[in-house]
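A.B. asks: Input: one structure, supplied below.
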Amino acid sequence: MGSLRLTGWAAAAAAPEWGVRRRPRRCCHGAPLPRPRCAPSPAPAVASSLGVGAAGHLRAGAEREWLWDCRGGAGGGARDYAREMEVAVRVVQVACTLCQRVQDSLLHPSADAGGHVHSKLDRSPVTVADWGVQAIVSWLLSNSFHDENISIVAEEDDETLSSSDGAALLESVVEAVNGCLVEAPKYGLRSLEKELGAHDVIQAIRKCSSAGGPKGRFWVLDPVDGTLGFVRGDQYAIALALIEDGEVILGVLGCPNYPMKKEWLNYHQKYYRLMSKVAPPPLGSWHKGCVMYAQKGCGQAWMQPLVHDFGKLDWRHPREIQVSSISDPMSATFCEPVEKANSSHSFTAGLAHSVGLRTQPLRVYSMVKYAAIARGDAEIFMKFARTGYKEKIWDHAAGVVIIQEAGGVVTDAGGRQLDFSRGIYLEGLDRGIIACSGALLHQRILDAVDASWNSSTL
């Protein structure tokens with residue numbers, strides 16, 4: 001399948017750190033998959049640097065420390081996406097730092113922090129973090145790949161920031177962006193020699209206007225997935241994926257509030273923060289927050305701690321993640337969106353009962369639900385949106401490839417693969433989306449949907 005080569009690794013350091021017995025990897029049809037190799041790589045092979053912008057506004061930062069090497073496919077010869085993966089993970093790390101700083105300002109507001117949350121036309125919230133992350137990701141991707149015309153599909157536009165009433169808000173976004181970009185060397189990227197101005201930030205946000213489609217290459221970004229959870233101090237995610245000719249190739253999920261202990265997912269983050277103050281974790285310990293990532297066809301998915309929490313970008317401590325081995329519905333945990341407006345809780349409750357699920361649903365904001373399945377903390381995610389709602393590709397692309405490479409299954413409710421080739425929406429979606437840790441649970445959910453759909457009000 002492929003391998004992950006990391007500079008300076010000892011062979012033993014590449015092993016997962018979970019301390020539990022691993023089951024054989026299997027595809028959704030039950031056939032065993034060969035284990036990819038993990039091997040060290042010599043430093044000279046990866047000593048190039050990243051992020052030289054056309055305008056020369058970057059100064060030297062840290063050298064590249066690792067090389068993702070996954071050339072999947074039975075006959076080999078698949079394209080090497082090492083540089084794309086490396087840049088994407090580092091950029092999401094920067095974005096996580098910006099989000100954590102903005103969320104801290106929302107939870108512990110100063111006199112001028114009240115302007116950080118705004119409402120869009122559909123009344124959904126948007127924050128300084130949404131625009132700030134979009135600007136950072138757009139700017140860093142363009143500079144890292146020497147391409148001013150890099151194609152990005154993203155959720156936000158610059159209309160509010162460019163309006164006559166948006167000057168103060170734009171100033172906050174520019175400040176947040178520059179505050180993170182100046183620290184780029186911490187993430188193995190090159191830092192700014194000259195701060196970005198308001199015009200630069202607006203232009204970076206404005207570049208994220210691709211419409212996607214079946215041909216060519218484009219990045220897909222949800223700058224803050226689960227903004228409602230974000231403003232409430234709870235779970236949210238930064239999601240970045242690379243799509244090529246309609247297929248999701250890479251997926252990176254930043255989950256800044258995802259606790260390392262599964263049981264903490266059942267609590268609001270305010271309890272976690274309170275307990276952390278009572279018994280603070282040791283400095284440099286990995287106790288919460290992670291970035292997960294995977295490449296299509298690799299047969300592996302990984303996570304690493306956040307630089308903001310862990311103190312440094314250390315590629316020597318990633319952990320391989322795998323889906324749960326639970327196949328008995330009575331022991332399985334299922335996730336669903338927190339807000340009833342985003343999914344029918346009554347219908348999923350009926351499905352859960354019909355297939356024998358007995359645990360209470362784990363209601364989590366954002367694509368953290370995908371992360372929970374990929375990491376083995378839950379087994380099922382079901383979403384059945386209200387009539388007329390159209391799913392966006394940025395809400396699913398990164399999470400889908402991570403679950404699949406961790407050993408799970410994601411389809412629509414008719415059992416078909418999600419189609420990311422038809423623009424910004426998941427067109428042709430059959431009723432809903434179902435993600436499971438394994439093929440047996442997945443088929444039981446599909447059968448239950450078929451049996452119950454005609455009696456539903458969806």
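Naming works like this for the structure tokens: A, B, ... for the chains as they're shown, residue 1 at the start of each chain, ligands 1 onward in shown order.
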What's around Ala241 (chain A) at 12 Å? Count only C-alpha atoms, leave out sequence neighbours fewer than 6 positions away in its own chain, and write the answer as a VMD selection string.
C.D. replies: chain A and resid 84 to 85 87 to 89 91 to 92 137 151 to 154 217 to 223 247 to 254 292 to 296 393 to 402 420
A.B. asks: Among region 75-241 of chain A, which ones does DSSP assign to strand (DSSP E or B) (computed from the backbone)? Answer as a list in words.
C.D. replies: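 Selecting the strand (DSSP E or B) positions of region 75-241 of chain A gives Val117, His118, Ser119, Pro125, Val126, Thr127, Ile152, Val153, Ala154, Ser191, Leu192, Ser209, Arg217, Phe218, Trp219, Val220, Leu221, Asp222, Pro223, Val224, Asp225, Ala237, Ile238, Ala239, Leu240 and Ala241 of chain A.
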A.B. asks: Write down as a VMD selection string the residues belonging to region 110-319 of chain A that are assigned alpha helix (DSSP H) by DSSP computed on the backbone.
C.D. replies: chain A and resid 128 to 144 159 to 162 167 to 181 198 to 206 227 to 231 269 to 278 307 to 310
A.B. asks: Using only C-alpha atoms for the distances, tell me which of A:Gly438, A:Gly428, A:Gly297, A:Gly179 is nearest to Ile380 (chain A).
C.D. replies: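 For Ile380 (chain A), the nearest of the candidates is A:Gly438.
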A.B. asks: Counting only C-alpha atoms, which of A:Thr387, A:Gln134, A:Gln322, A:Thr127 gets nearest to Leu228 (chain A)?
C.D. replies: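 Nearest candidate to Leu228 (chain A) out of A:Thr387, A:Gln134, A:Gln322, A:Thr127: A:Thr127.
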A.B. asks: Closest to Tyr370 (chain A) among A:Tyr236, A:Trp139, A:Trp131, A:Trp315, using only C-alpha atoms?
C.D. replies: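 Of the candidates, the smallest distance to Tyr370 (chain A) is held by A:Tyr236.
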A.B. asks: Find the residues around region 350-361 of chain A up to 12 Å (only C-alpha atoms counted), leave out those fewer than 3 positions away in its own chain, and share them as a PDB file with N, CA and C atoms, in the first residue's frame.
C.D. replies:
```
ATOM      1  N   LEU A 265     -15.390  13.272  26.167  1.00  0.00           N
ATOM      2  CA  LEU A 265     -16.256  13.713  25.069  1.00  0.00           C
ATOM      3  C   LEU A 265     -17.703  13.879  25.515  1.00  0.00           C
ATOM      4  N   ASN A 266     -18.074  13.209  26.606  1.00  0.00           N
ATOM      5  CA  ASN A 266     -19.451  13.290  27.092  1.00  0.00           C
ATOM      6  C   ASN A 266     -19.711  14.542  27.917  1.00  0.00           C
ATOM      7  N   SER A 327     -18.536  -4.642  16.943  1.00  0.00           N
ATOM      8  CA  SER A 327     -19.535  -4.915  15.908  1.00  0.00           C
ATOM      9  C   SER A 327     -20.911  -5.220  16.481  1.00  0.00           C
ATOM     10  N   ASP A 328     -20.990  -5.392  17.808  1.00  0.00           N
ATOM     11  CA  ASP A 328     -22.265  -5.647  18.479  1.00  0.00           C
ATOM     12  C   ASP A 328     -22.977  -4.321  18.716  1.00  0.00           C
ATOM     13  N   PRO A 329     -24.152  -4.111  18.148  1.00  0.00           N
ATOM     14  CA  PRO A 329     -24.853  -2.838  18.331  1.00  0.00           C
ATOM     15  C   PRO A 329     -25.101  -2.477  19.792  1.00  0.00           C
ATOM     16  N   MET A 330     -25.277  -3.472  20.649  1.00  0.00           N
ATOM     17  CA  MET A 330     -25.553  -3.184  22.059  1.00  0.00           C
ATOM     18  C   MET A 330     -24.379  -2.475  22.729  1.00  0.00           C
ATOM     19  N   SER A 331     -23.181  -2.651  22.190  1.00  0.00           N
ATOM     20  CA  SER A 331     -21.998  -2.024  22.784  1.00  0.00           C
ATOM     21  C   SER A 331     -21.535  -0.800  21.999  1.00  0.00           C
ATOM     22  N   ALA A 332     -22.214  -0.508  20.918  1.00  0.00           N
ATOM     23  CA  ALA A 332     -21.754   0.564  20.033  1.00  0.00           C
ATOM     24  C   ALA A 332     -22.266   1.932  20.487  1.00  0.00           C
ATOM     25  N   THR A 333     -21.483   2.951  20.169  1.00  0.00           N
ATOM     26  CA  THR A 333     -21.852   4.337  20.438  1.00  0.00           C
ATOM     27  C   THR A 333     -22.108   5.036  19.112  1.00  0.00           C
ATOM     28  N   PHE A 334     -23.229   5.780  19.042  1.00  0.00           N
ATOM     29  CA  PHE A 334     -23.466   6.506  17.802  1.00  0.00           C
ATOM     30  C   PHE A 334     -23.481   8.016  18.056  1.00  0.00           C
ATOM     31  N   CYS A 335     -22.971   8.742  17.056  1.00  0.00           N
ATOM     32  CA  CYS A 335     -22.893  10.199  17.126  1.00  0.00           C
ATOM     33  C   CYS A 335     -23.960  10.817  16.242  1.00  0.00           C
ATOM     34  N   GLU A 336     -24.366  11.995  16.622  1.00  0.00           N
ATOM     35  CA  GLU A 336     -25.244  12.791  15.779  1.00  0.00           C
ATOM     36  C   GLU A 336     -25.019  14.263  16.092  1.00  0.00           C
ATOM     37  N   PRO A 337     -25.470  15.164  15.198  1.00  0.00           N
ATOM     38  CA  PRO A 337     -25.291  16.593  15.460  1.00  0.00           C
ATOM     39  C   PRO A 337     -26.015  17.035  16.723  1.00  0.00           C
ATOM     40  N   VAL A 338     -25.510  18.086  17.345  1.00  0.00           N
ATOM     41  CA  VAL A 338     -26.132  18.626  18.545  1.00  0.00           C
ATOM     42  C   VAL A 338     -27.465  19.282  18.214  1.00  0.00           C
ATOM     43  N   SER A 344     -32.417  14.946  12.021  1.00  0.00           N
ATOM     44  CA  SER A 344     -33.617  14.500  12.723  1.00  0.00           C
ATOM     45  C   SER A 344     -33.247  13.572  13.877  1.00  0.00           C
ATOM     46  N   HIS A 345     -33.294  14.087  15.097  1.00  0.00           N
ATOM     47  CA  HIS A 345     -32.990  13.257  16.263  1.00  0.00           C
ATOM     48  C   HIS A 345     -34.019  12.146  16.441  1.00  0.00           C
ATOM     49  N   SER A 346     -35.280  12.437  16.121  1.00  0.00           N
ATOM     50  CA  SER A 346     -36.322  11.422  16.322  1.00  0.00           C
ATOM     51  C   SER A 346     -36.120  10.238  15.376  1.00  0.00           C
ATOM     52  N   PHE A 347     -35.727  10.519  14.131  1.00  0.00           N
ATOM     53  CA  PHE A 347     -35.528   9.425  13.185  1.00  0.00           C
ATOM     54  C   PHE A 347     -34.300   8.595  13.563  1.00  0.00           C
ATOM     55  N   VAL A 364     -22.251  15.727  19.336  1.00  0.00           N
ATOM     56  CA  VAL A 364     -21.003  16.473  19.258  1.00  0.00           C
ATOM     57  C   VAL A 364     -21.088  17.470  18.109  1.00  0.00           C
ATOM     58  N   LYS A 369     -17.219  14.486  15.076  1.00  0.00           N
ATOM     59  CA  LYS A 369     -17.914  13.181  15.003  1.00  0.00           C
ATOM     60  C   LYS A 369     -17.148  12.223  14.110  1.00  0.00           C
ATOM     61  N   ALA A 378     -16.127   6.091  18.930  1.00  0.00           N
ATOM     62  CA  ALA A 378     -17.528   5.858  18.600  1.00  0.00           C
ATOM     63  C   ALA A 378     -17.546   4.952  17.375  1.00  0.00           C
ATOM     64  N   GLU A 379     -18.711   4.370  17.113  1.00  0.00           N
ATOM     65  CA  GLU A 379     -18.798   3.400  16.019  1.00  0.00           C
ATOM     66  C   GLU A 379     -19.705   3.858  14.868  1.00  0.00           C
ATOM     67  N   ILE A 380     -20.652   4.754  15.137  1.00  0.00           N
ATOM     68  CA  ILE A 380     -21.661   5.098  14.125  1.00  0.00           C
ATOM     69  C   ILE A 380     -21.916   6.601  14.132  1.00  0.00           C
ATOM     70  N   PHE A 381     -22.042   7.166  12.942  1.00  0.00           N
ATOM     71  CA  PHE A 381     -22.518   8.542  12.779  1.00  0.00           C
ATOM     72  C   PHE A 381     -23.641   8.521  11.761  1.00  0.00           C
ATOM     73  N   MET A 382     -24.778   9.076  12.139  1.00  0.00           N
ATOM     74  CA  MET A 382     -25.921   9.147  11.236  1.00  0.00           C
ATOM     75  C   MET A 382     -26.387  10.596  11.142  1.00  0.00           C
ATOM     76  N   LYS A 383     -26.658  11.039   9.927  1.00  0.00           N
ATOM     77  CA  LYS A 383     -27.199  12.381   9.737  1.00  0.00           C
ATOM     78  C   LYS A 383     -28.249  12.349   8.650  1.00  0.00           C
ATOM     79  N   PHE A 384     -29.455  12.789   8.995  1.00  0.00           N
ATOM     80  CA  PHE A 384     -30.556  12.875   8.050  1.00  0.00           C
ATOM     81  C   PHE A 384     -31.102  14.293   8.121  1.00  0.00           C
ATOM     82  N   ILE A 434     -24.163   8.066   6.385  1.00  0.00           N
ATOM     83  CA  ILE A 434     -23.915   7.068   7.430  1.00  0.00           C
ATOM     84  C   ILE A 434     -22.432   6.720   7.430  1.00  0.00           C
ATOM     85  N   LEU A 440     -20.253  -4.560   9.016  1.00  0.00           N
ATOM     86  CA  LEU A 440     -21.440  -5.200   9.583  1.00  0.00           C
ATOM     87  C   LEU A 440     -22.399  -4.178  10.169  1.00  0.00           C
ATOM     88  N   LEU A 441     -21.866  -3.262  10.986  1.00  0.00           N
ATOM     89  CA  LEU A 441     -22.720  -2.212  11.542  1.00  0.00           C
ATOM     90  C   LEU A 441     -23.295  -1.341  10.431  1.00  0.00           C
ATOM     91  N   HIS A 442     -22.488  -1.042   9.458  1.00  0.00           N
ATOM     92  CA  HIS A 442     -22.921  -0.190   8.353  1.00  0.00           C
ATOM     93  C   HIS A 442     -24.106  -0.811   7.621  1.00  0.00           C
ATOM     94  N   GLN A 443     -24.023  -2.094   7.320  1.00  0.00           N
ATOM     95  CA  GLN A 443     -25.115  -2.749   6.598  1.00  0.00           C
ATOM     96  C   GLN A 443     -26.384  -2.787   7.441  1.00  0.00           C
ATOM     97  N   ARG A 444     -26.258  -2.988   8.742  1.00  0.00           N
ATOM     98  CA  ARG A 444     -27.439  -3.006   9.606  1.00  0.00           C
ATOM     99  C   ARG A 444     -28.135  -1.652   9.603  1.00  0.00           C
ATOM    100  N   ILE A 445     -27.368  -0.578   9.595  1.00  0.00           N
ATOM    101  CA  ILE A 445     -27.970   0.757   9.549  1.00  0.00           C
ATOM    102  C   ILE A 445     -28.664   0.978   8.206  1.00  0.00           C
ATOM    103  N   LEU A 446     -28.008   0.588   7.110  1.00  0.00           N
ATOM    104  CA  LEU A 446     -28.629   0.735   5.790  1.00  0.00           C
ATOM    105  C   LEU A 446     -29.959  -0.019   5.720  1.00  0.00           C
ATOM    106  N   ASP A 447     -29.979  -1.248   6.226  1.00  0.00           N
ATOM    107  CA  ASP A 447     -31.204  -2.041   6.213  1.00  0.00           C
ATOM    108  C   ASP A 447     -32.301  -1.383   7.050  1.00  0.00           C
ATOM    109  N   ALA A 448     -31.923  -0.820   8.189  1.00  0.00           N
ATOM    110  CA  ALA A 448     -32.899  -0.164   9.064  1.00  0.00           C
ATOM    111  C   ALA A 448     -33.472   1.091   8.403  1.00  0.00           C
ATOM    112  N   VAL A 449     -32.636   1.818   7.684  1.00  0.00           N
ATOM    113  CA  VAL A 449     -33.126   3.005   6.964  1.00  0.00           C
ATOM    114  C   VAL A 449     -34.153   2.587   5.918  1.00  0.00           C
ATOM    115  N   ASP A 450     -33.846   1.562   5.145  1.00  0.00           N
ATOM    116  CA  ASP A 450     -34.785   1.087   4.120  1.00  0.00           C
ATOM    117  C   ASP A 450     -36.115   0.663   4.737  1.00  0.00           C
ATOM    118  N   ALA A 451     -36.051   0.017   5.887  1.00  0.00           N
ATOM    119  CA  ALA A 451     -37.266  -0.486   6.524  1.00  0.00           C
ATOM    120  C   ALA A 451     -38.098   0.623   7.143  1.00  0.00           C
ATOM    121  N   SER A 452     -37.461   1.721   7.537  1.00  0.00           N
ATOM    122  CA  SER A 452     -38.157   2.766   8.297  1.00  0.00           C
ATOM    123  C   SER A 452     -38.478   4.012   7.495  1.00  0.00           C
ATOM    124  N   TRP A 453     -37.873   4.169   6.334  1.00  0.00           N
ATOM    125  CA  TRP A 453     -37.933   5.474   5.649  1.00  0.00           C
ATOM    126  C   TRP A 453     -39.355   5.892   5.275  1.00  0.00           C
ATOM    127  N   SER A 455     -42.094   5.419   6.636  1.00  0.00           N
ATOM    128  CA  SER A 455     -42.897   5.853   7.772  1.00  0.00           C
ATOM    129  C   SER A 455     -42.355   7.102   8.445  1.00  0.00           C
ATOM    130  N   SER A 456     -41.223   7.621   7.933  1.00  0.00           N
ATOM    131  CA  SER A 456     -40.645   8.825   8.522  1.00  0.00           C
ATOM    132  C   SER A 456     -41.302  10.073   7.961  1.00  0.00           C
TER     133      SER A 456
END
```
